[in-house]
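A.B. asks: Right, I'll just put the structure down here and ask away after.
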Amino acid sequence: MQKLQNYINGELVAPASGNYIDNYHPATGKVYSLIPDSDAKDVELATDAAKKAFPEWSKKSIQERSAILLKLVDLIERDMDKLAEAESKDNGKPIWLAKAVDIPRAAANFRFYATGILHEHTEAHSMGEEAINYTLREPIGVAGCISPWNLPLYLFSWKVAPALASGNCVVAKPSEITPMSAYLLSELCIEAGIPAGVFNIVHGLGPKVGSAITEHPDIPMISFTGGTQTGATIARTAAPMFKKLSLELGGKNPNIIFADCDFDEMLKVTLRSSFANQGQICLCGSRIFVERPIYEKFKTAFVERVSQMKVGDPSDDKSKLGAVVSKPHMEKVLSYVELAKEEGGTVLTGGHRVEMEGELKDGYYLAPTVIEGLNYNCRTNQEEIFGPVVTIMPFDTEEEVLMYANSTKYGLASTIWTSNLKRAHRVAAKLHTGIVWINCWLLRDLRTPFGGVKQSGVGREGGFEALQFFTEPKNVCIKL
Ligand code: NAD
């Protein structure tokens, strides 16, 4: 059985403990590889290597750093199919999705920051004839990057790329549930000639490796994407150490559909925003509010289309949904369906495991699920489920739907469907979310600030925001 290795100081190495954890293939429910069960010792080695590499890496010209990272982009693109198949195998998502979204986006993340640094500039503040100030932006040192399982290489690269491009060295930890694409990336980093120690990947469990990164005194900045509770744990450790923190956390995103929307386009995109990646995207719209005049029309059309969505083998191009990521996650999602019933909800379609045959019999397949009849403030409508489950609910007024939409502790993303421009702007301004999509979903421009408000996060990724996170501004004032 394949044993993955850590990537420390430019080499692939076994964990110090010699222990490994099982890595499951969600499509079959079988163990298919082993992940290093690393601990604080491996994080120590990785941090030492990163500290040693920092002076040289941070002093390289931006052109040199850019060229090395662009070489990595070429290799990711060369291995697109291999990486997409590995991502699908590790995560359960359809291969077509990994090919269309995950891996191209990982390449785009590295390209965006490798070229972004070539266009960066800093400010100057003139005080007339008295003085002039200018700002230097300096890399900080060793960045800790911790990422989740839902979009493994996509989100891993989204933090690692700006950290490296801006001249920091990195100690990173992918999710222990989906480590494979990060492992394959480490092989490509060696081939691309990333200098030893600049980028280190330590595999293993969150409470061991993740917390060792968070607690390490020589890692002064942590970029984390994952659950809100884990974010709170990290913040508790990092705050008294005065670490810089970027937290991208959970969501419970509202999807607001007005009667004057382009119905067909809305329906097509709403199917995607509900169930793409088995509903396991932090940006998925899981609470769908529909203006009453079209509620019944929407319900009928949506439920019909959802019930026709094929759940199946991730390697089959016809599968709209593959497997969810793990058995515990599948059980968690199913427990929310039970909760929804207890809370008075009616399951209109789905709500159960999909039984497969042959090799896939023990895989973690869930039917896409639509529930109605719940209050906006019940647990099903307030807590993040993070699976192929949405609720639908009618509304009568803008005021009412804004109250529903803004009622959760989360504030990541929202979607508005309307052809009334004034209303679109008015509602967007009143939504308490970091991102608002109008008549679209997951349309991403990498230059825009990305992140959530309330318990969906602290800080922003994307564009120059991420380069700013990974650098410290220094004001220099010169008296003239
Ligand atoms: P998680 O919080 O369980 O794990 C995320 C990462 O943190 C993993 O690498 C894990 O090993 C690590 N970790 C766990 N405990 C830790 C600890 N004590 N200290 C340090 N690291 C620790 O999240 P998950 O289940 O992997 O991912 C799903 C969650 O991620 C959902 O809540 C989803 O909304 C969120 N998410 C948010 C965004 C965003 O951009 N806001 C994007 C994707 C996913």
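Here's how to read the names in the structure tokens: chain A, B, ... by the order shown, residue numbers from 1 in each chain, ligand numbers from 1 in the order shown.
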Compile the contact shell of segment 97-100 of chain A as a PyMOL selection string: residues with an atom at most 9 Å away, counting only C-alpha atoms, same-chain residues fewer than 5 positions apart removed.
C.D. replies: chain A and resi 80-81+83-85+87-88+105+151+276-277+320
A.B. asks: Write the selection just made, keeping C-alpha atoms, as an mmCIF file, in the first residue's frame?
C.D. replies:
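See result.cif below for the written result:
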data_model
loop_
_atom_site.group_PDB
_atom_site.id
_atom_site.type_symbol
_atom_site.label_atom_id
_atom_site.label_comp_id
_atom_site.auth_asym_id
_atom_site.auth_seq_id
_atom_site.Cartn_x
_atom_site.Cartn_y
_atom_site.Cartn_z
ATOM 1 C CA MET A 80 -3.595 17.914 -14.783
ATOM 2 C CA ASP A 81 -5.230 14.538 -15.450
ATOM 3 C CA LEU A 83 -3.836 15.270 -10.232
ATOM 4 C CA ALA A 84 -7.560 15.391 -11.036
ATOM 5 C CA GLU A 85 -7.882 11.624 -10.819
ATOM 6 C CA GLU A 87 -8.149 14.404 -6.133
ATOM 7 C CA SER A 88 -11.299 12.550 -7.095
ATOM 8 C CA ARG A 105 -7.807 26.565 -10.113
ATOM 9 C CA LEU A 151 -11.389 21.569 -2.284
ATOM 10 C CA ALA A 276 -21.801 21.092 -6.592
ATOM 11 C CA ASN A 277 -19.087 18.977 -4.961
ATOM 12 C CA LYS A 320 -23.479 14.844 -11.130
#
A.B. asks: Would you please give, as an MDAnalysis selection string, all residues of segment 210-347 of chain A that DSSP assigns to helix (DSSP H, G or I) based on the backbone?
C.D. replies: chainID A and resid 210:215 228:241 263:279 292:307 327:342
A.B. asks: Kindly give the distance, in Å, that separates atom CA of Val401 of chain A and atom CA of Gly451 of chain A, rounded to a single decimal.
C.D. replies: 22.4 Å
A.B. asks: Atom CA of Thr471 of chain A and atom CA of Ser58 of chain A, how far apart in Å?
C.D. replies: 10.9 Å
A.B. asks: Determine, using only C-alpha atoms and all ligand atoms, which residues of chain A have any atom at most 8 Å from an atom of ligand 1, and tabulate each with its shortest atom pair and distance in Å to one decimal place, rows ordered by chain and then rising number, as CSV.
C.D. replies:
residue,atom,partner,partner_atom_place_in_ligand_line,distance
A:Ile146,CA,ligand 1,9 (O),5.2
A:Ser147,CA,ligand 1,9 (O),4.6
A:Pro148,CA,ligand 1,26 (O),3.5
A:Trp149,CA,ligand 1,26 (O),4.7
A:Asn150,CA,ligand 1,43 (C),6.1
A:Leu151,CA,ligand 1,43 (C),6.7
A:Leu155,CA,ligand 1,42 (C),7.1
A:Lys173,CA,ligand 1,9 (O),5.9
A:Pro174,CA,ligand 1,9 (O),4.9
A:Ser175,CA,ligand 1,9 (O),3.5
A:Glu176,CA,ligand 1,11 (O),5.7
A:Ile177,CA,ligand 1,26 (O),7.5
A:Gly204,CA,ligand 1,11 (O),7.0
A:Leu205,CA,ligand 1,11 (O),5.0
A:Gly206,CA,ligand 1,11 (O),3.2
A:Pro207,CA,ligand 1,18 (N),4.1
A:Lys208,CA,ligand 1,17 (C),7.3
A:Val209,CA,ligand 1,20 (C),7.0
A:Gly210,CA,ligand 1,20 (C),3.4
A:Ser211,CA,ligand 1,19 (N),3.9
A:Ala212,CA,ligand 1,20 (C),7.5
A:Ile213,CA,ligand 1,20 (C),7.2
A:Thr214,CA,ligand 1,20 (C),6.2
A:Phe224,CA,ligand 1,7 (O),7.1
A:Thr225,CA,ligand 1,37 (C),5.3
A:Gly226,CA,ligand 1,30 (O),3.1
A:Gly227,CA,ligand 1,32 (O),3.4
A:Thr228,CA,ligand 1,32 (O),6.0
A:Gln229,CA,ligand 1,2 (O),6.7
A:Thr230,CA,ligand 1,2 (O),4.5
A:Gly231,CA,ligand 1,2 (O),6.7
A:Thr233,CA,ligand 1,18 (N),5.9
A:Ile234,CA,ligand 1,19 (N),5.6
A:Leu247,CA,ligand 1,41 (N),7.5
A:Glu248,CA,ligand 1,41 (N),3.7
A:Leu249,CA,ligand 1,41 (N),4.0
A:Gly250,CA,ligand 1,34 (O),3.2
A:Gly251,CA,ligand 1,34 (O),5.2
A:Gln280,CA,ligand 1,33 (C),7.5
A:Ile281,CA,ligand 1,43 (C),6.0
A:Cys282,CA,ligand 1,34 (O),4.0
A:Leu283,CA,ligand 1,39 (C),7.4
A:Glu384,CA,ligand 1,32 (O),6.9
A:Phe386,CA,ligand 1,31 (C),6.5
A:Leu412,CA,ligand 1,41 (N),6.6
A:Phe450,CA,ligand 1,40 (O),7.6
A:Gly451,CA,ligand 1,41 (N),6.0
A:Gly452,CA,ligand 1,41 (N),6.5
A:Ser456,CA,ligand 1,41 (N),6.2
A:Gly457,CA,ligand 1,41 (N),6.6
A.B. asks: Quick one: everything within 7 Å of segment 91-94 of chain A, counting only C-alpha atoms, minus sequence neighbours fewer than 5 positions away in the same chain. Send it as a PDB file with all heavy atoms, in the first residue's frame.
C.D. replies:
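Result file selection-v6.pdb:
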ATOM      1  N   PRO A  26     -13.327   7.324  -0.687  1.00  0.00           N
ATOM      2  CA  PRO A  26     -14.758   7.474  -0.372  1.00  0.00           C
ATOM      3  C   PRO A  26     -15.679   6.734  -1.340  1.00  0.00           C
ATOM      4  O   PRO A  26     -16.775   6.327  -0.955  1.00  0.00           O
ATOM      5  CB  PRO A  26     -14.992   8.983  -0.461  1.00  0.00           C
ATOM      6  CG  PRO A  26     -13.654   9.608  -0.386  1.00  0.00           C
ATOM      7  CD  PRO A  26     -12.660   8.616  -0.915  1.00  0.00           C
ATOM      8  N   ALA A  27     -15.238   6.561  -2.580  1.00  0.00           N
ATOM      9  CA  ALA A  27     -16.105   5.904  -3.564  1.00  0.00           C
ATOM     10  C   ALA A  27     -16.342   4.436  -3.237  1.00  0.00           C
ATOM     11  O   ALA A  27     -17.365   3.868  -3.618  1.00  0.00           O
ATOM     12  CB  ALA A  27     -15.492   6.031  -4.962  1.00  0.00           C
ATOM     13  N   THR A 178      -7.842  14.321   3.052  1.00  0.00           N
ATOM     14  CA  THR A 178      -7.525  14.386   1.606  1.00  0.00           C
ATOM     15  C   THR A 178      -6.079  14.866   1.383  1.00  0.00           C
ATOM     16  O   THR A 178      -5.860  15.986   0.904  1.00  0.00           O
ATOM     17  CB  THR A 178      -8.479  15.378   0.902  1.00  0.00           C
ATOM     18  OG1 THR A 178      -8.412  16.628   1.625  1.00  0.00           O
ATOM     19  CG2 THR A 178      -9.895  14.888   0.843  1.00  0.00           C
ATOM     20  N   ASN A 277     -20.029  19.595  -5.914  1.00  0.00           N
ATOM     21  CA  ASN A 277     -19.087  18.977  -4.961  1.00  0.00           C
ATOM     22  C   ASN A 277     -19.846  18.320  -3.799  1.00  0.00           C
ATOM     23  O   ASN A 277     -19.424  18.392  -2.648  1.00  0.00           O
ATOM     24  CB  ASN A 277     -18.097  20.030  -4.444  1.00  0.00           C
ATOM     25  CG  ASN A 277     -16.794  19.431  -3.977  1.00  0.00           C
ATOM     26  OD1 ASN A 277     -16.282  18.477  -4.570  1.00  0.00           O
ATOM     27  ND2 ASN A 277     -16.261  19.962  -2.904  1.00  0.00           N
ATOM     28  N   PRO A 314     -17.570   8.307  -9.203  1.00  0.00           N
ATOM     29  CA  PRO A 314     -16.898   9.569  -9.537  1.00  0.00           C
ATOM     30  C   PRO A 314     -16.146   9.532 -10.869  1.00  0.00           C
ATOM     31  O   PRO A 314     -15.870  10.575 -11.448  1.00  0.00           O
ATOM     32  CB  PRO A 314     -15.920   9.780  -8.379  1.00  0.00           C
ATOM     33  CG  PRO A 314     -16.467   8.963  -7.257  1.00  0.00           C
ATOM     34  CD  PRO A 314     -17.168   7.792  -7.877  1.00  0.00           C
ATOM     35  N   SER A 315     -15.843   8.314 -11.354  1.00  0.00           N
ATOM     36  CA  SER A 315     -15.124   8.276 -12.629  1.00  0.00           C
ATOM     37  C   SER A 315     -16.081   8.275 -13.827  1.00  0.00           C
ATOM     38  O   SER A 315     -15.645   8.319 -14.970  1.00  0.00           O
ATOM     39  CB  SER A 315     -14.198   7.061 -12.684  1.00  0.00           C
ATOM     40  OG  SER A 315     -14.983   5.897 -12.631  1.00  0.00           O
ATOM     41  N   SER A 319     -22.059  11.204 -13.738  1.00  0.00           N
ATOM     42  CA  SER A 319     -22.389  11.419 -12.316  1.00  0.00           C
ATOM     43  C   SER A 319     -22.339  12.906 -12.005  1.00  0.00           C
ATOM     44  O   SER A 319     -21.307  13.538 -12.161  1.00  0.00           O
ATOM     45  CB  SER A 319     -21.388  10.694 -11.407  1.00  0.00           C
ATOM     46  OG  SER A 319     -21.420   9.316 -11.646  1.00  0.00           O
ATOM     47  N   LEU A 321     -23.187  13.945  -8.908  1.00  0.00           N
ATOM     48  CA  LEU A 321     -22.623  13.902  -7.560  1.00  0.00           C
ATOM     49  C   LEU A 321     -21.848  12.599  -7.399  1.00  0.00           C
ATOM     50  O   LEU A 321     -22.306  11.542  -7.857  1.00  0.00           O
ATOM     51  CB  LEU A 321     -23.714  13.922  -6.480  1.00  0.00           C
ATOM     52  CG  LEU A 321     -24.486  15.218  -6.234  1.00  0.00           C
ATOM     53  CD1 LEU A 321     -25.656  15.345  -7.194  1.00  0.00           C
ATOM     54  CD2 LEU A 321     -25.008  15.256  -4.811  1.00  0.00           C
ATOM     55  N   GLY A 322     -20.698  12.686  -6.737  1.00  0.00           N
ATOM     56  CA  GLY A 322     -19.943  11.486  -6.395  1.00  0.00           C
ATOM     57  C   GLY A 322     -20.246  11.097  -4.960  1.00  0.00           C
ATOM     58  O   GLY A 322     -21.389  11.216  -4.499  1.00  0.00           O
ATOM     59  N   ALA A 323     -19.200  10.649  -4.257  1.00  0.00           N
ATOM     60  CA  ALA A 323     -19.377  10.277  -2.846  1.00  0.00           C
ATOM     61  C   ALA A 323     -19.048  11.470  -1.957  1.00  0.00           C
ATOM     62  O   ALA A 323     -18.253  12.326  -2.338  1.00  0.00           O
ATOM     63  CB  ALA A 323     -18.433   9.122  -2.522  1.00  0.00           C
ATOM     64  N   VAL A 324     -19.645  11.520  -0.766  1.00  0.00           N
ATOM     65  CA  VAL A 324     -19.200  12.526   0.207  1.00  0.00           C
ATOM     66  C   VAL A 324     -17.893  12.026   0.821  1.00  0.00           C
ATOM     67  O   VAL A 324     -17.500  10.873   0.647  1.00  0.00           O
ATOM     68  CB  VAL A 324     -20.267  12.861   1.288  1.00  0.00           C
ATOM     69  CG1 VAL A 324     -21.509  13.433   0.647  1.00  0.00           C
ATOM     70  CG2 VAL A 324     -20.596  11.660   2.152  1.00  0.00           C
ATOM     71  N   VAL A 325     -17.213  12.910   1.549  1.00  0.00           N
ATOM     72  CA  VAL A 325     -15.789  12.672   1.790  1.00  0.00           C
ATOM     73  C   VAL A 325     -15.451  11.523   2.745  1.00  0.00           C
ATOM     74  O   VAL A 325     -14.411  10.892   2.604  1.00  0.00           O
ATOM     75  CB  VAL A 325     -15.105  13.975   2.250  1.00  0.00           C
ATOM     76  CG1 VAL A 325     -15.419  14.262   3.714  1.00  0.00           C
ATOM     77  CG2 VAL A 325     -13.618  13.940   2.015  1.00  0.00           C
TER      78      VAL A 325
END
A.B. asks: Restricting the calculation to only C-alpha atoms, which member of A:Leu164, A:Leu184, A:Ile435, A:Ile35 is positioned closest to Pro15 of chain A?
C.D. replies: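 The closest residue to Pro15 of chain A is A:Ile35.
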A.B. asks: What gap, in Å, lies between atom CA of Ile385 of chain A and atom CA of Ser286 of chain A?
C.D. replies: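 Rounded to one decimal, the two atoms are 8.4 Å apart.
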A.B. asks: Could you give me, as a compact mmCIF listing (two decimals) with all heavy atoms, in the first residue's frame, the residues within 9 Å of Thr270 of chain A, counting only C-alpha atoms and dropping anything in the same chain fewer than 5 positions from it?
C.D. replies:
# COMPACT_ATOMS: atom_id res chain seq x y z
N ASN A 255 -29.78 31.95 -0.33
CA ASN A 255 -29.99 32.08 -1.76
C ASN A 255 -31.36 32.73 -1.90
O ASN A 255 -32.38 32.10 -1.60
CB ASN A 255 -29.97 30.65 -2.32
CG ASN A 255 -29.81 30.60 -3.80
OD1 ASN A 255 -29.86 31.63 -4.46
ND2 ASN A 255 -29.63 29.41 -4.33
N GLU A 265 -32.40 30.38 -15.95
CA GLU A 265 -31.00 30.56 -15.56
C GLU A 265 -30.85 30.33 -14.05
O GLU A 265 -29.93 29.66 -13.58
CB GLU A 265 -30.56 31.98 -15.96
CG GLU A 265 -29.16 32.37 -15.56
CD GLU A 265 -28.07 31.60 -16.30
OE1 GLU A 265 -28.38 30.86 -17.26
OE2 GLU A 265 -26.89 31.72 -15.88
N PHE A 275 -25.68 21.78 -4.97
CA PHE A 275 -25.15 20.41 -4.91
C PHE A 275 -23.78 20.21 -5.54
O PHE A 275 -23.29 19.07 -5.58
CB PHE A 275 -26.16 19.45 -5.56
CG PHE A 275 -27.50 19.49 -4.88
CD1 PHE A 275 -28.64 19.96 -5.54
CD2 PHE A 275 -27.62 19.09 -3.56
CE1 PHE A 275 -29.86 20.02 -4.89
CE2 PHE A 275 -28.84 19.15 -2.90
CZ PHE A 275 -29.96 19.62 -3.57
N GLY A 285 -25.17 27.53 -1.49
CA GLY A 285 -26.36 28.16 -0.89
C GLY A 285 -27.23 27.06 -0.31
O GLY A 285 -27.83 26.29 -1.05
N ILE A 288 -32.61 28.25 0.75
CA ILE A 288 -33.16 28.87 -0.46
C ILE A 288 -34.49 29.55 -0.13
O ILE A 288 -35.46 28.88 0.26
CB ILE A 288 -33.35 27.80 -1.57
CG1 ILE A 288 -32.01 27.08 -1.81
CG2 ILE A 288 -33.89 28.44 -2.84
CD1 ILE A 288 -32.08 25.97 -2.84
N PHE A 302 -37.67 22.50 -9.25
CA PHE A 302 -36.41 22.20 -8.56
C PHE A 302 -36.40 20.75 -8.09
O PHE A 302 -35.45 20.01 -8.35
CB PHE A 302 -36.27 23.17 -7.37
CG PHE A 302 -34.95 23.11 -6.66
CD1 PHE A 302 -33.76 23.40 -7.34
CD2 PHE A 302 -34.87 22.81 -5.30
CE1 PHE A 302 -32.53 23.36 -6.67
CE2 PHE A 302 -33.65 22.78 -4.63
CZ PHE A 302 -32.48 23.06 -5.32
N CYS A 440 -25.81 35.04 -10.34
CA CYS A 440 -24.73 34.10 -10.65
C CYS A 440 -24.30 33.45 -9.33
O CYS A 440 -24.79 33.81 -8.27
CB CYS A 440 -23.54 34.81 -11.31
SG CYS A 440 -22.79 36.07 -10.27
N TRP A 441 -23.39 32.53 -9.43
CA TRP A 441 -22.83 31.90 -8.22
C TRP A 441 -21.43 31.38 -8.52
O TRP A 441 -21.20 30.83 -9.61
CB TRP A 441 -23.73 30.73 -7.74
CG TRP A 441 -23.15 30.02 -6.56
CD1 TRP A 441 -23.12 30.48 -5.27
CD2 TRP A 441 -22.54 28.73 -6.54
NE1 TRP A 441 -22.51 29.56 -4.47
CE2 TRP A 441 -22.14 28.47 -5.22
CE3 TRP A 441 -22.27 27.77 -7.50
CZ2 TRP A 441 -21.49 27.29 -4.84
CZ3 TRP A 441 -21.63 26.59 -7.13
CH2 TRP A 441 -21.26 26.36 -5.82
A.B. asks: As a ChimeraX atom specification, please: the residues near Ile62 of chain A (cut-off 12 Å, only C-alpha atoms, same-chain neighbours under 3 positions excluded).
C.D. replies: /A:57-59,65-70,113-121,139,164-167
A.B. asks: Hey, which of A:Met221, A:Ile95, A:Ala131, A:Met266 ends up closest to Asp316 of chain A? Count only C-alpha atoms.
C.D. replies: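 Smallest distance to Asp316 of chain A is found for A:Ile95.
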A.B. asks: Do a neighbour search on Gln5 of chain A at 12 Å with only C-alpha atoms, toss out local chain neighbours closer than 2 positions, and write the hits as a PyMOL selection string.
C.D. replies: chain A and resi 2-3+7-8+10-16+18-21+33-38+42+179-180+182-187+200-204
A.B. asks: At a cut-off of 12 Å, can you tabulate as CSV every residue of segment 372-391 of chain A near segment 349-354 of chain A together with its closest atom pair and the distance in Å to one decimal, using only C-alpha atoms and ordering rows by chain then number?
C.D. replies:
residue,atom,partner,partner_atom,distance
A:Glu372,CA,A:Thr349,CA,10.1
A:Gly387,CA,A:Gly351,CA,11.0
A:Pro388,CA,A:Gly351,CA,9.2
A:Val389,CA,A:Gly351,CA,7.9
A:Val390,CA,A:Gly351,CA,10.4
A:Thr391,CA,A:Thr349,CA,11.0
A.B. asks: Tell me, as a compact mmCIF listing (two decimals) with C-alpha atoms, in the first residue's frame, which residues lie within 12 Å of Ile478 of chain A, counting only C-alpha atoms; anything in the same chain fewer than 5 positions away does not count.
C.D. replies:
# COMPACT_ATOMS: atom_id res chain seq x y z
CA ALA A 124 4.12 57.13 -0.63
CA HIS A 125 2.57 59.86 1.54
CA SER A 126 3.85 63.34 0.92
CA MET A 127 3.84 65.98 3.67
CA GLY A 128 4.56 68.76 1.18
CA GLU A 129 7.91 70.40 1.68
CA GLU A 130 8.27 69.05 5.19
CA ALA A 131 8.68 65.30 4.71
CA ILE A 132 7.83 62.25 2.68
CA ASN A 133 6.72 58.82 3.90
CA TYR A 134 7.03 55.65 1.93
CA THR A 135 5.87 52.16 2.80
A.B. asks: With distances taken over only C-alpha atoms, which residue among A:Glu400, A:Asp48, A:Glu461, A:Asp79 lies nearest Tyr376 of chain A?
C.D. replies: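 Among the listed residues, A:Glu400 lies closest to Tyr376 of chain A.
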A.B. asks: From segment 294-422 of chain A, collect each residue whose DSSP state is strand (DSSP E or B) and return the set as JSON, numbers by chain.
C.D. replies: {"A": [311, 321, 346, 347, 348, 349, 353, 366, 369, 370, 371, 372, 389, 390, 391, 392, 393, 394, 395, 413, 414, 415, 416, 417]}
